[in-house]
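Enquirer: Sharing input25.cif here; it has mmCIF, C-alpha atoms and all ligand atoms.
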```
data_entry
loop_
_atom_site.label_atom_id
_atom_site.label_comp_id
_atom_site.auth_asym_id
_atom_site.auth_seq_id
_atom_site.Cartn_x
_atom_site.Cartn_y
_atom_site.Cartn_z
CA MET A 19 62.06 6.26 -39.78
CA ALA A 20 60.77 8.75 -37.14
CA PRO A 21 62.78 9.22 -33.93
CA SER A 22 61.45 7.29 -30.84
CA SER A 23 60.47 10.52 -28.96
CA TYR A 24 58.10 11.25 -31.90
CA ASN A 25 56.47 7.77 -31.38
CA GLY A 26 56.20 8.38 -27.64
CA PHE A 27 54.43 11.71 -28.20
CA TYR A 28 51.75 10.11 -30.36
CA THR A 29 51.31 7.17 -27.97
CA TYR A 30 50.68 9.57 -25.05
CA ALA A 31 48.44 11.81 -27.16
CA LEU A 32 46.38 8.78 -28.22
CA ALA A 33 46.09 7.53 -24.63
CA GLY A 34 45.01 11.02 -23.52
CA LEU A 35 42.36 11.13 -26.21
CA VAL A 36 40.99 7.72 -25.10
CA VAL A 37 40.76 8.92 -21.47
CA LEU A 38 39.06 12.18 -22.42
CA SER A 39 36.57 10.51 -24.74
CA THR A 40 35.76 7.94 -22.02
CA LEU A 41 35.08 10.78 -19.56
CA TYR A 42 33.00 12.58 -22.14
CA TRP A 43 31.03 9.42 -22.95
CA ASN A 44 30.45 8.77 -19.25
CA GLN A 45 29.20 12.30 -18.76
CA TYR A 46 26.64 12.25 -21.49
CA HIS A 47 25.94 8.62 -22.41
CA ALA A 48 26.29 6.51 -19.28
CA PRO A 49 23.14 4.71 -18.18
CA GLU A 50 20.94 7.02 -16.14
CA ILE A 51 21.74 5.23 -12.89
CA VAL A 52 22.78 7.64 -10.22
CA SER A 53 23.29 7.20 -6.53
CA HIS A 54 22.14 8.94 -3.40
CA ASP A 55 23.70 8.02 -0.07
CA PHE A 56 20.23 7.72 1.54
CA GLY A 57 21.77 8.63 4.88
CA ALA A 58 18.80 10.92 5.36
CA GLN A 59 20.42 12.86 8.18
CA LEU A 60 19.59 16.41 9.17
CA GLU A 61 22.19 17.95 6.88
CA SER A 62 21.24 15.78 3.87
CA PRO A 63 17.60 14.80 4.17
CA VAL A 64 16.07 12.47 1.65
CA ASP A 65 13.46 14.16 -0.55
CA VAL A 66 10.59 11.87 0.37
CA ILE A 67 10.06 9.35 3.14
CA ILE A 68 7.42 6.76 2.32
CA LEU A 69 5.98 4.77 5.19
CA GLY A 70 4.83 1.46 3.73
CA GLY A 71 6.46 -0.35 0.83
CA SER A 72 3.53 -2.28 -0.57
CA HIS A 73 1.34 -1.42 -3.57
CA ALA A 74 0.66 2.25 -2.75
CA GLY A 75 4.16 3.04 -1.50
CA LEU A 76 5.94 1.33 -4.39
CA SER A 77 3.68 3.00 -6.93
CA ALA A 78 4.55 6.35 -5.36
CA ALA A 79 8.29 5.61 -5.52
CA ALA A 80 7.96 4.59 -9.18
CA THR A 81 6.48 8.03 -9.86
CA LEU A 82 8.86 10.07 -7.70
CA TYR A 83 12.01 8.83 -9.39
CA ARG A 84 10.69 10.24 -12.67
CA HIS A 85 11.26 13.68 -11.11
CA GLN A 86 14.71 12.67 -9.83
CA LEU A 87 13.59 12.73 -6.21
CA SER A 88 15.31 10.55 -3.65
CA THR A 89 12.98 8.27 -1.76
CA LEU A 90 13.46 6.20 1.35
CA ILE A 91 10.79 3.56 1.86
CA PHE A 92 10.22 1.87 5.20
CA ASP A 93 8.37 -1.41 5.25
CA HIS A 94 8.02 -4.07 7.91
CA GLN A 95 6.41 -6.49 5.46
CA LYS A 96 3.00 -6.85 7.04
CA PRO A 97 0.61 -6.00 4.19
CA ARG A 98 -3.12 -6.25 4.84
CA ASN A 99 -3.38 -9.33 2.66
CA SER A 100 -0.73 -11.15 4.68
CA TRP A 101 -2.40 -14.45 3.65
CA LEU A 102 -1.21 -13.75 0.11
CA THR A 103 -4.42 -14.94 -1.52
CA PRO A 104 -4.32 -14.75 -5.34
CA MET A 105 -4.81 -11.30 -6.83
CA ARG A 106 -8.13 -10.49 -8.50
CA VAL A 107 -9.45 -7.36 -10.24
CA LEU A 108 -5.93 -6.39 -11.29
CA SER A 109 -5.65 -6.68 -15.01
CA GLY A 110 -2.50 -8.47 -16.12
CA TRP A 111 -1.90 -10.10 -12.72
CA GLU A 112 -5.03 -12.24 -12.41
CA GLY A 113 -4.53 -15.07 -9.92
CA LYS A 114 -0.90 -14.16 -9.16
CA ASN A 115 0.65 -13.83 -5.71
CA PRO A 116 0.69 -10.19 -4.52
CA ASP A 117 4.28 -10.68 -3.35
CA ALA A 118 5.29 -11.26 -6.98
CA LEU A 119 4.00 -7.79 -7.92
CA ARG A 120 5.70 -6.15 -4.94
CA GLU A 121 8.97 -7.96 -5.64
CA LYS A 122 8.99 -6.89 -9.29
CA SER A 123 8.19 -3.32 -8.38
CA ARG A 124 10.85 -3.24 -5.66
CA LYS A 125 13.51 -4.39 -8.11
CA GLU A 126 12.43 -1.84 -10.70
CA ILE A 127 12.64 1.12 -8.37
CA ALA A 128 15.87 -0.06 -6.69
CA ALA A 129 17.47 -0.17 -10.15
CA THR A 130 16.71 3.52 -10.67
CA GLY A 131 19.15 4.49 -7.90
CA PHE A 132 16.66 7.02 -6.58
CA ALA A 133 14.82 4.81 -4.09
CA LYS A 134 15.85 2.51 -1.30
CA THR A 135 13.69 0.21 0.82
CA LEU A 136 14.60 -0.48 4.43
CA ASP A 137 12.93 -3.40 6.21
CA LYS A 138 12.39 -1.45 9.39
CA THR A 139 9.45 -0.69 11.64
CA ILE A 140 8.78 2.99 12.11
CA ILE A 141 7.54 3.80 15.59
CA SER A 142 7.47 7.58 15.68
CA VAL A 143 7.11 10.52 13.31
CA GLU A 144 7.44 14.21 13.97
CA LYS A 145 7.65 17.44 12.04
CA THR A 146 10.88 19.03 13.17
CA ASN A 147 11.07 22.65 12.17
CA ASN A 148 8.13 23.00 9.84
CA THR A 149 10.23 21.94 6.88
CA LEU A 150 11.56 18.47 7.71
CA PHE A 151 10.09 15.23 9.02
CA LEU A 152 11.94 13.00 11.41
CA VAL A 153 11.00 9.33 11.55
CA THR A 154 12.42 6.92 14.11
CA ASP A 155 12.62 3.16 13.69
CA SER A 156 12.23 0.51 16.36
CA GLU A 157 16.03 0.16 16.70
CA GLY A 158 16.50 3.86 17.36
CA GLY A 159 17.56 4.81 13.82
CA MET A 160 16.54 8.38 12.88
CA TRP A 161 15.83 9.56 9.36
CA TYR A 162 15.02 13.00 7.95
CA GLY A 163 12.93 13.74 4.88
CA ARG A 164 11.43 16.79 3.19
CA LYS A 165 8.01 15.24 2.61
CA LEU A 166 6.13 12.34 4.10
CA LEU A 167 3.96 9.97 2.13
CA LEU A 168 1.85 7.60 4.20
CA ALA A 169 1.16 4.25 2.51
CA MET A 170 0.86 2.15 5.64
CA GLY A 171 -2.28 0.27 4.72
CA ALA A 172 -5.06 -0.44 7.16
CA GLU A 173 -5.09 -2.85 10.05
CA PHE A 174 -7.99 -5.19 10.70
CA VAL A 175 -9.91 -5.19 13.95
CA PHE A 176 -11.76 -8.51 14.03
CA PRO A 177 -14.96 -8.93 16.06
CA GLU A 178 -14.46 -10.74 19.33
CA ILE A 179 -16.04 -13.99 18.22
CA PRO A 180 -14.02 -17.11 19.03
CA GLY A 181 -12.80 -18.75 15.83
CA TYR A 182 -13.18 -15.62 13.66
CA ALA A 183 -9.48 -14.95 13.13
CA GLU A 184 -8.76 -18.61 12.40
CA ASN A 185 -11.31 -18.68 9.58
CA PHE A 186 -10.51 -15.35 7.92
CA PRO A 187 -10.12 -15.16 4.91
CA LYS A 188 -10.39 -18.86 4.02
CA LYS A 189 -14.05 -19.20 5.04
CA ILE A 190 -14.96 -15.60 5.93
CA PHE A 191 -14.95 -13.31 2.91
CA HIS A 192 -14.73 -9.52 3.20
CA CYS A 193 -15.18 -8.85 -0.54
CA MET A 194 -17.34 -10.71 -3.02
CA PHE A 195 -15.37 -9.34 -5.97
CA THR A 196 -12.28 -11.02 -4.59
CA PHE A 197 -13.76 -14.27 -3.33
CA GLY A 198 -17.29 -14.77 -4.77
CA PHE A 199 -16.49 -16.13 -8.22
CA GLU A 200 -14.72 -19.26 -6.97
CA LYS A 201 -17.75 -20.08 -4.75
CA ARG A 202 -20.40 -19.67 -7.44
CA GLY A 203 -23.14 -22.25 -7.30
CA SER A 204 -22.99 -22.59 -3.49
CA GLU A 205 -26.09 -23.85 -1.70
CA HIS A 206 -26.24 -21.70 1.44
CA ALA A 207 -24.08 -18.78 2.59
CA GLY A 208 -24.11 -16.68 5.76
CA LEU A 209 -23.71 -12.94 6.25
CA LEU A 210 -22.59 -11.46 9.56
CA ALA A 211 -24.45 -8.16 9.99
CA LYS A 212 -22.01 -6.55 12.43
CA GLY A 213 -19.84 -3.45 12.25
CA SER A 214 -20.06 -1.80 8.84
CA LEU A 215 -22.73 -4.36 7.82
CA SER A 216 -24.99 -3.52 10.76
CA THR A 217 -27.25 -1.17 8.79
CA VAL A 218 -30.18 -2.42 6.72
CA LYS A 219 -28.93 -0.65 3.61
CA HIS A 220 -25.41 -2.01 3.72
CA ALA A 221 -26.43 -5.51 4.82
CA LEU A 222 -28.96 -5.85 1.99
CA MET A 223 -26.53 -4.47 -0.58
CA VAL A 224 -23.92 -7.08 0.33
CA ALA A 225 -26.70 -9.70 0.57
CA GLN A 226 -27.49 -9.01 -3.09
CA ASP A 227 -23.79 -9.44 -3.95
CA THR A 228 -23.67 -12.72 -2.08
CA LEU A 229 -26.80 -14.11 -3.75
CA LYS A 230 -24.98 -14.02 -7.09
CA PHE A 231 -22.97 -16.96 -5.80
CA ALA A 232 -25.26 -18.79 -3.31
CA LYS A 233 -28.87 -19.93 -3.66
CA ASN A 234 -29.79 -19.12 -0.06
CA LEU A 235 -28.49 -16.71 2.54
CA SER A 236 -28.85 -16.45 6.31
CA ILE A 237 -28.16 -13.03 7.82
CA TYR A 238 -26.82 -13.28 11.40
CA THR A 239 -27.19 -10.19 13.57
CA ASP A 240 -25.45 -11.70 16.65
CA SER A 241 -27.94 -10.52 19.29
CA ASN A 242 -29.09 -7.27 17.67
CA PRO A 243 -32.92 -7.49 17.85
CA THR A 244 -33.51 -3.99 16.47
CA LEU A 245 -31.48 -4.68 13.36
CA ALA A 246 -33.10 -8.11 12.99
CA ALA A 247 -36.58 -6.52 13.10
CA ASP A 248 -35.60 -3.79 10.62
CA LEU A 249 -34.13 -6.35 8.26
CA LEU A 250 -37.26 -8.49 8.49
CA SER A 251 -39.54 -5.61 7.60
CA ALA A 252 -37.22 -4.56 4.75
CA LEU A 253 -37.29 -8.11 3.43
CA ALA A 254 -41.11 -8.18 3.50
CA SER A 255 -41.16 -5.54 0.80
CA ASN A 256 -38.25 -7.00 -1.09
CA SER A 257 -37.84 -9.76 -3.64
CA LEU A 258 -35.07 -11.26 -1.46
CA SER A 259 -37.48 -12.75 1.08
CA ASP A 260 -37.66 -16.14 -0.70
CA SER A 261 -33.96 -16.78 -0.43
CA VAL A 262 -32.95 -14.84 2.71
CA ASP A 263 -33.65 -15.54 6.39
CA ILE A 264 -32.69 -13.56 9.47
CA ASN A 265 -31.19 -15.08 12.61
CA ASP A 266 -30.77 -13.02 15.77
CA HIS A 267 -29.13 -15.55 18.08
CA SER A 268 -25.72 -14.80 19.54
CA ILE A 269 -22.77 -16.41 17.81
CA LYS A 270 -20.79 -18.39 20.35
CA ARG A 271 -18.10 -19.76 18.06
CA LEU A 272 -17.07 -20.11 14.45
CA SER A 273 -15.30 -23.26 13.39
CA SER A 274 -14.14 -24.87 10.22
CA GLY A 275 -16.87 -27.24 9.18
CA GLY A 276 -14.65 -29.30 6.87
CA ALA A 277 -12.61 -28.50 3.81
CA SER A 278 -15.02 -25.97 2.37
CA THR A 279 -17.65 -25.03 4.94
CA ILE A 280 -17.86 -23.00 8.12
CA SER A 281 -19.94 -23.82 11.20
CA LEU A 282 -21.65 -21.28 13.45
CA SER A 283 -22.42 -22.39 17.02
CA LEU A 284 -25.38 -20.26 18.10
CA GLY A 285 -26.82 -19.15 21.42
CA ASP A 286 -29.83 -21.48 21.04
CA GLU A 287 -27.39 -24.43 21.03
CA THR A 288 -27.91 -25.11 17.33
CA THR A 289 -25.12 -25.29 14.77
CA HIS A 290 -25.47 -23.91 11.26
CA THR A 291 -23.11 -25.08 8.54
CA ARG A 292 -22.66 -22.67 5.65
CA ASP A 293 -20.58 -22.71 2.48
CA PHE A 294 -18.97 -19.42 3.49
CA LEU A 295 -19.61 -16.39 5.69
CA VAL A 296 -19.50 -12.79 4.47
CA HIS A 297 -18.34 -10.02 6.77
CA GLN A 298 -16.34 -6.81 6.46
CA PRO A 299 -14.22 -6.36 9.56
CA LEU A 300 -13.12 -2.87 10.55
CA ALA A 301 -9.94 -1.82 8.71
CA ARG A 302 -8.38 1.40 10.01
CA PRO A 303 -5.12 3.30 9.55
CA PRO A 304 -2.59 2.65 12.32
CA PRO A 305 -3.93 4.74 15.25
CA TRP A 306 -0.47 5.81 16.47
CA ILE A 307 0.37 7.69 13.26
CA VAL A 308 -3.01 9.42 13.30
CA GLN A 309 -2.38 10.56 16.83
CA GLN A 310 1.27 11.60 16.47
CA LEU A 311 0.71 13.71 13.36
CA GLY A 312 -2.73 14.97 14.34
CA LEU A 313 -4.28 13.59 11.16
CA GLU A 314 -7.95 14.17 10.43
CA LEU A 315 -10.07 11.12 9.60
CA ASP A 316 -13.07 10.95 7.30
CA VAL A 317 -16.49 9.64 8.37
CA MET A 318 -15.43 6.09 7.57
CA GLY A 319 -12.29 6.32 9.70
CA ASN A 320 -9.76 6.60 6.86
CA ILE A 321 -7.11 9.34 6.75
CA LYS A 322 -8.86 12.34 5.28
CA THR A 323 -7.24 13.75 2.15
CA ASN A 324 -8.04 16.73 -0.03
CA GLY A 325 -7.86 17.33 -3.73
CA PHE A 326 -6.50 15.19 -6.52
CA PHE A 327 -3.14 14.62 -4.88
CA TYR A 328 -4.26 13.23 -1.53
CA GLN A 329 -2.79 15.94 0.70
CA THR A 330 -3.68 15.41 4.37
CA ASN A 331 -4.56 18.17 6.82
CA VAL A 332 -0.87 18.25 7.88
CA GLU A 333 1.24 20.30 5.47
CA GLY A 334 3.79 18.18 3.63
CA VAL A 335 2.06 14.90 4.49
CA PHE A 336 0.28 12.93 1.77
CA ALA A 337 -1.56 9.60 2.13
CA ALA A 338 -2.36 6.85 -0.36
CA GLY A 339 -3.88 3.39 -0.53
CA ASP A 340 -5.87 1.51 2.10
CA CYS A 341 -4.99 3.93 4.90
CA ALA A 342 -6.72 6.80 3.11
CA SER A 343 -9.56 5.29 1.10
CA PRO A 344 -12.71 3.21 1.46
CA PHE A 345 -11.76 1.55 -1.85
CA LYS A 346 -9.33 -0.93 -0.39
CA ILE A 347 -8.12 -2.71 -3.50
CA ILE A 348 -4.79 -2.84 -5.29
CA PRO A 349 -5.75 -0.84 -8.42
CA ASN A 350 -6.85 2.02 -6.17
CA ALA A 351 -3.66 1.80 -4.08
CA LEU A 352 -1.60 2.01 -7.29
CA LEU A 353 -3.56 5.00 -8.55
CA MET A 354 -3.45 6.87 -5.25
CA GLY A 355 0.27 6.19 -4.85
CA ALA A 356 1.02 7.67 -8.27
CA ASN A 357 -1.22 10.72 -7.77
CA ALA A 358 0.02 11.46 -4.26
CA ALA A 359 3.59 11.23 -5.57
CA ALA A 360 2.76 13.72 -8.31
CA GLY A 361 1.46 16.11 -5.65
CA VAL A 362 4.62 15.63 -3.58
CA ALA A 363 6.83 16.20 -6.63
CA ARG A 364 5.11 19.51 -7.38
CA GLU A 365 6.04 20.69 -3.89
CA LEU A 366 9.71 19.80 -4.40
CA PRO A 367 11.23 22.05 -7.06
CA ARG A 368 14.98 21.89 -7.78
CA SER A 369 15.51 25.07 -5.78
CA VAL A 370 14.34 23.15 -2.70
CA THR A 371 15.98 19.75 -3.25
CA GLY A 372 19.27 21.02 -4.64
CA ASN A 373 19.43 17.95 -6.88
CA GLY A 374 21.53 18.35 -10.00
CA LEU A 375 19.93 18.42 -13.41
CA ARG A 376 21.09 14.87 -13.95
CA GLY A 377 20.72 13.28 -10.53
CA PHE A 378 22.64 13.30 -7.26
CA GLU A 379 26.26 12.79 -6.20
CA GLY A 380 27.21 10.23 -8.80
CA ARG A 381 26.55 12.70 -11.58
CA GLU A 382 28.06 15.58 -9.71
CA ARG A 383 31.29 13.64 -9.14
CA ARG A 384 31.54 13.03 -12.87
CA GLY A 385 30.93 16.74 -13.31
CA ILE A 386 34.05 17.53 -11.29
CA TRP A 387 36.14 15.23 -13.51
CA MET A 388 34.70 16.89 -16.56
CA ARG A 389 35.52 20.28 -15.16
CA ILE A 390 39.12 19.17 -14.51
CA ALA A 391 39.21 17.88 -18.07
CA GLY A 392 37.89 21.26 -19.19
CA LEU A 393 34.76 19.81 -20.75
CA GLY A 394 32.09 21.40 -18.61
CA GLY A 395 29.69 19.41 -16.50
CA PHE A 396 27.81 20.48 -13.43
C1 LIG B 401 -7.57 -11.41 2.21
C2 LIG B 401 -7.42 -10.25 1.27
C3 LIG B 401 -7.45 -10.46 -0.10
C4 LIG B 401 -7.35 -9.39 -0.97
N1 LIG B 401 -7.40 -9.63 -2.31
C5 LIG B 401 -7.33 -8.58 -3.17
C6 LIG B 401 -7.40 -8.81 -4.57
O1 LIG B 401 -7.54 -9.95 -5.03
N2 LIG B 401 -7.35 -7.74 -5.40
C7 LIG B 401 -7.21 -6.47 -4.92
O2 LIG B 401 -7.15 -5.54 -5.71
N3 LIG B 401 -7.13 -6.23 -3.59
C8 LIG B 401 -7.17 -7.25 -2.72
N4 LIG B 401 -7.09 -7.02 -1.36
C9 LIG B 401 -6.86 -5.66 -0.89
C10 LIG B 401 -5.37 -5.30 -1.04
O3 LIG B 401 -4.59 -6.24 -0.37
C11 LIG B 401 -5.12 -3.91 -0.47
O4 LIG B 401 -6.03 -3.00 -1.03
C12 LIG B 401 -3.70 -3.46 -0.81
O5 LIG B 401 -2.78 -4.31 -0.21
C13 LIG B 401 -3.49 -2.03 -0.33
O6 LIG B 401 -2.18 -1.65 -0.56
P1 LIG B 401 -1.47 -0.60 0.40
O7 LIG B 401 -0.13 -0.40 -0.16
O8 LIG B 401 -2.35 0.56 0.60
O9 LIG B 401 -1.42 -1.33 1.82
P2 LIG B 401 -0.75 -2.70 2.26
O10 LIG B 401 -0.64 -3.63 1.11
O11 LIG B 401 -1.52 -3.19 3.43
O12 LIG B 401 0.71 -2.31 2.69
C14 LIG B 401 1.02 -1.46 3.77
C15 LIG B 401 2.49 -1.64 4.07
O13 LIG B 401 2.88 -0.70 5.07
C16 LIG B 401 3.79 -1.33 5.94
N5 LIG B 401 3.77 -0.65 7.24
C17 LIG B 401 2.68 -0.30 7.97
N6 LIG B 401 3.07 0.27 9.11
C18 LIG B 401 4.41 0.32 9.10
C19 LIG B 401 5.39 0.78 10.01
N7 LIG B 401 5.06 1.33 11.18
N8 LIG B 401 6.70 0.65 9.70
C20 LIG B 401 7.06 0.09 8.52
N9 LIG B 401 6.17 -0.38 7.61
C21 LIG B 401 4.87 -0.27 7.91
C22 LIG B 401 3.31 -2.77 6.03
O14 LIG B 401 4.35 -3.65 6.40
C23 LIG B 401 2.79 -3.02 4.62
O15 LIG B 401 3.76 -3.66 3.82
C24 LIG B 401 -7.19 -8.08 -0.46
C25 LIG B 401 -7.17 -7.86 0.92
C26 LIG B 401 -7.27 -8.93 1.78
C27 LIG B 401 -7.23 -8.69 3.26
#
```
Could you render the structure as structure tokens?

Expert:
Amino acid sequence: MAPSSYNGFYTYALAGLVVLSTLYWNQYHAPEIVSHDFGAQLESPVDVIILGGSHAGLSAAATLYRHQLSTLIFDHQKPRNSWLTPMRVLSGWEGKNPDALREKSRKEIAATGFAKTLDKTIISVEKTNNTLFLVTDSEGGMWYGRKLLLAMGAEFVFPEIPGYAENFPKKIFHCMFTFGFEKRGSEHAGLLAKGSLSTVKHALMVAQDTLKFAKNLSIYTDSNPTLAADLLSALASNSLSDSVDINDHSIKRLSSGGASTISLSLGDETTHTRDFLVHQPLARPPPWIVQQLGLELDVMGNIKTNGFFYQTNVEGVFAAGDCASPFKIIPNALLMGANAAAGVARELPRSVTGNGLRGFEGRERRGIWMRIAGLGGF
């Protein structure tokens, strides 16, 4: 029988081997979940700050983590479709609640360890020293990032017609792709030719869309006699004249005309009841961010971007989704988010971020243990 010191030696050797192989396994086979402290202070800025954690912002974060870039997303949970109407034109999510998509996406990117969402309102943004961006939240919190990706959506500016806000979007539809199908077979719809619909070309284009779902259409110009006359003469040479009429009276009030109709009280003291009203209210990027960063806008009032990666006129600032496009739909927000993120990633090589080859601190800490154990690492 071997002496007990001989047994002790092998017991310790075996235990040592188990510890070393666990360290080795951790180094090379642990799940690829790493951690960043997301403090985003001057000395350790986050790689990318995303303003807006809805479809565009989350799509960007889902792309950025693939290049091991740390991302801090700020979102005060006021997406443009705050009514949460069912999603259309998004293959695979037909009829689902947009919050379900955001929630799923948020969980996915949080699990990567590279992105964190903070439910905070950002109130100011500045470029500090030409290399970093400083954003400040409404509680005074300050956060530094190397790049800025704007995904803040667009805010509606409704016309000043009493009852408009109360009936949008239940009875007032801004997009016939989103809302037309469910109203197919309607008897009589209305179209409010104001704002972006106050040109003959645009009004008649949307009139054609609307007539796919309603037999008759009244176009209301709300006291715009020039437009009314132009529309009338355009209709005279147009096959629409049988099913379209023009009304130039002022609109005094919009009210719900029952479960599925809307009533227009007009300046001539008549009331028109329609199955639905079509109008595209102004939707613009938050003016304060445009002003603070000195962002250029395009002719339609969206943040102007250049190239395939949606770079703005301010170096290091990219923009995606509703705030930077006339195509204000979810598929476009997803696409722009991913492409803008790819552009951001190209501007953040490892020599700039200092990130390890396999992530941030979590990996580097393991590297130290491996070095102590003499097995390499970072
Ligand atoms: C009634 C309605 C129905 C719609 N239905 C459809 C549909 O069926 N299919 C479809 O494809 N599209 C639909 N859309 C359009 C779709 O909602 C938008 O295109 C999409 O939400 C754009 O995504 P986004 O990420 O660019 O902006 P948003 O979804 O608007 O998100 C912007 C985010 O930025 C955040 N944010 C903004 N400013 C700040 C700040 N200062 N601090 C912190 N966070 C901030 C907001 O809280 C918000 O979460 C609909 C729109 C409306 C109004």

Enquirer: Given the choices A:Gln329, A:Ser343, A:Asn265, A:Thr81, which gets closest to ligand LIG 401 (chain B) if the distance is worked out from only C-alpha atoms and all ligand atoms?

Expert: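 Residue with the minimum atom-to-atom distance to ligand LIG 401 (chain B): A:Ser343.
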
Enquirer: Just give me the gap between CA of Val332 (chain A) and CA of Leu313 (chain A) in Å, one decimal is fine.

Expert: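 Going from CA of Val332 (chain A) over to CA of Leu313 (chain A), I get 6.6 Å.
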
Enquirer: List all protein, DNA and RNA residues that have an atom no more than 8 Å from any atom of ligand LIG 401 (chain B), counting only C-alpha atoms and all ligand atoms, and report them as a PyMOL selection string.

Expert: chain A and resi 69-76+92-108+113+116+137-141+155+169-173+186-187+191-193+195-197+304+338-341+345-352

Enquirer: I'd like the contact shell of Glu287 (chain A) - 10 Å cut-off, all atoms listed in the file, skipping same-chain residues fewer than 6 positions apart - returned as a ChimeraX atom specification.

Expert: /A:267-270

Enquirer: As an exercise, work out the distance from CA of Ala80 (chain A) to CA of Thr130 (chain A) in Å and give it to one decimal place.

Expert: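 These atoms are spaced 8.9 Å apart.
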
Enquirer: Which of these residues is nearest to Pro367 (chain A), using only C-alpha atoms: A:Asp117, A:Phe132, A:Arg164, A:Ser281?

Expert: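 Smallest distance to Pro367 (chain A) is found for A:Arg164.
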
Enquirer: As lines of an AutoDock Vina configuration file, please: the centre and edge lengths in Å, to one decimal, of an axis-aligned box enclosing every listed atom of region 299-304 of chain A with 8 Å added on each side.

Expert:
```
center_x = -8.4
center_y = -1.5
center_z = 10.5
size_x = 27.6
size_y = 25.7
size_z = 19.6
```

Enquirer: When you count only C-alpha atoms, which of these residues is closest to Phe56 (chain A): A:Leu150, A:Ala356, A:Ala133, A:Ala225?

Expert: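 Looking at the shortest contact to Phe56 (chain A), the residue is A:Ala133.
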
Enquirer: For CA of Ala118 (chain A) and CA of Gly377 (chain A), determine how far apart the two atoms are, in Å to one decimal place.

Expert: 29.2 Å

Enquirer: At most 8 Å from (0.1, 15.3, 2.1), file frame, only C-alpha atoms: which residues, as a list of chain:residue names?

Expert: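 Those residues lying close to the given coordinates are A:Lys165, A:Leu166, A:Leu167, A:Thr323, A:Phe327, A:Tyr328, A:Gln329, A:Thr330, A:Asn331, A:Val332, A:Glu333, A:Gly334, A:Val335, A:Phe336, A:Ala337, A:Ala358, A:Gly361, A:Val362.
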
Enquirer: Using the partial input, fill out region 267-279 of chain A with N, CA and C atoms; write the result as a PDB file, in the coordinates of the input.

Expert:
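Final output, out-v2.pdb:
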```
ATOM      1  N   HIS A 267     -29.807 -14.939  16.938  1.00  0.00           N
ATOM      2  CA  HIS A 267     -29.130 -15.550  18.080  1.00  0.00           C
ATOM      3  C   HIS A 267     -27.671 -15.091  18.176  1.00  0.00           C
ATOM      4  N   SER A 268     -27.135 -15.153  19.380  1.00  0.00           N
ATOM      5  CA  SER A 268     -25.720 -14.800  19.540  1.00  0.00           C
ATOM      6  C   SER A 268     -24.862 -15.866  18.847  1.00  0.00           C
ATOM      7  N   ILE A 269     -23.700 -15.434  18.420  1.00  0.00           N
ATOM      8  CA  ILE A 269     -22.770 -16.410  17.810  1.00  0.00           C
ATOM      9  C   ILE A 269     -21.723 -16.744  18.860  1.00  0.00           C
ATOM     10  N   LYS A 270     -21.712 -18.000  19.281  1.00  0.00           N
ATOM     11  CA  LYS A 270     -20.790 -18.390  20.350  1.00  0.00           C
ATOM     12  C   LYS A 270     -19.416 -18.765  19.805  1.00  0.00           C
ATOM     13  N   ARG A 271     -19.394 -19.322  18.624  1.00  0.00           N
ATOM     14  CA  ARG A 271     -18.100 -19.760  18.060  1.00  0.00           C
ATOM     15  C   ARG A 271     -18.230 -20.012  16.571  1.00  0.00           C
ATOM     16  N   LEU A 272     -17.143 -19.750  15.864  1.00  0.00           N
ATOM     17  CA  LEU A 272     -17.070 -20.110  14.450  1.00  0.00           C
ATOM     18  C   LEU A 272     -16.005 -21.194  14.310  1.00  0.00           C
ATOM     19  N   SER A 273     -16.325 -22.230  13.571  1.00  0.00           N
ATOM     20  CA  SER A 273     -15.300 -23.260  13.390  1.00  0.00           C
ATOM     21  C   SER A 273     -15.351 -23.808  11.977  1.00  0.00           C
ATOM     22  N   SER A 274     -14.219 -24.326  11.567  1.00  0.00           N
ATOM     23  CA  SER A 274     -14.140 -24.870  10.220  1.00  0.00           C
ATOM     24  C   SER A 274     -14.995 -26.123  10.159  1.00  0.00           C
ATOM     25  N   GLY A 275     -15.958 -26.103   9.253  1.00  0.00           N
ATOM     26  CA  GLY A 275     -16.870 -27.240   9.180  1.00  0.00           C
ATOM     27  C   GLY A 275     -16.426 -28.274   8.178  1.00  0.00           C
ATOM     28  N   GLY A 276     -15.154 -28.393   7.904  1.00  0.00           N
ATOM     29  CA  GLY A 276     -14.650 -29.300   6.870  1.00  0.00           C
ATOM     30  C   GLY A 276     -13.855 -28.498   5.877  1.00  0.00           C
ATOM     31  N   ALA A 277     -13.504 -29.149   4.770  1.00  0.00           N
ATOM     32  CA  ALA A 277     -12.610 -28.500   3.810  1.00  0.00           C
ATOM     33  C   ALA A 277     -13.193 -27.191   3.281  1.00  0.00           C
ATOM     34  N   SER A 278     -14.505 -27.154   3.048  1.00  0.00           N
ATOM     35  CA  SER A 278     -15.020 -25.970   2.370  1.00  0.00           C
ATOM     36  C   SER A 278     -16.265 -25.385   3.010  1.00  0.00           C
ATOM     37  N   THR A 279     -16.504 -25.661   4.272  1.00  0.00           N
ATOM     38  CA  THR A 279     -17.650 -25.030   4.940  1.00  0.00           C
ATOM     39  C   THR A 279     -17.226 -24.447   6.283  1.00  0.00           C
TER      40      THR A 279
END
```
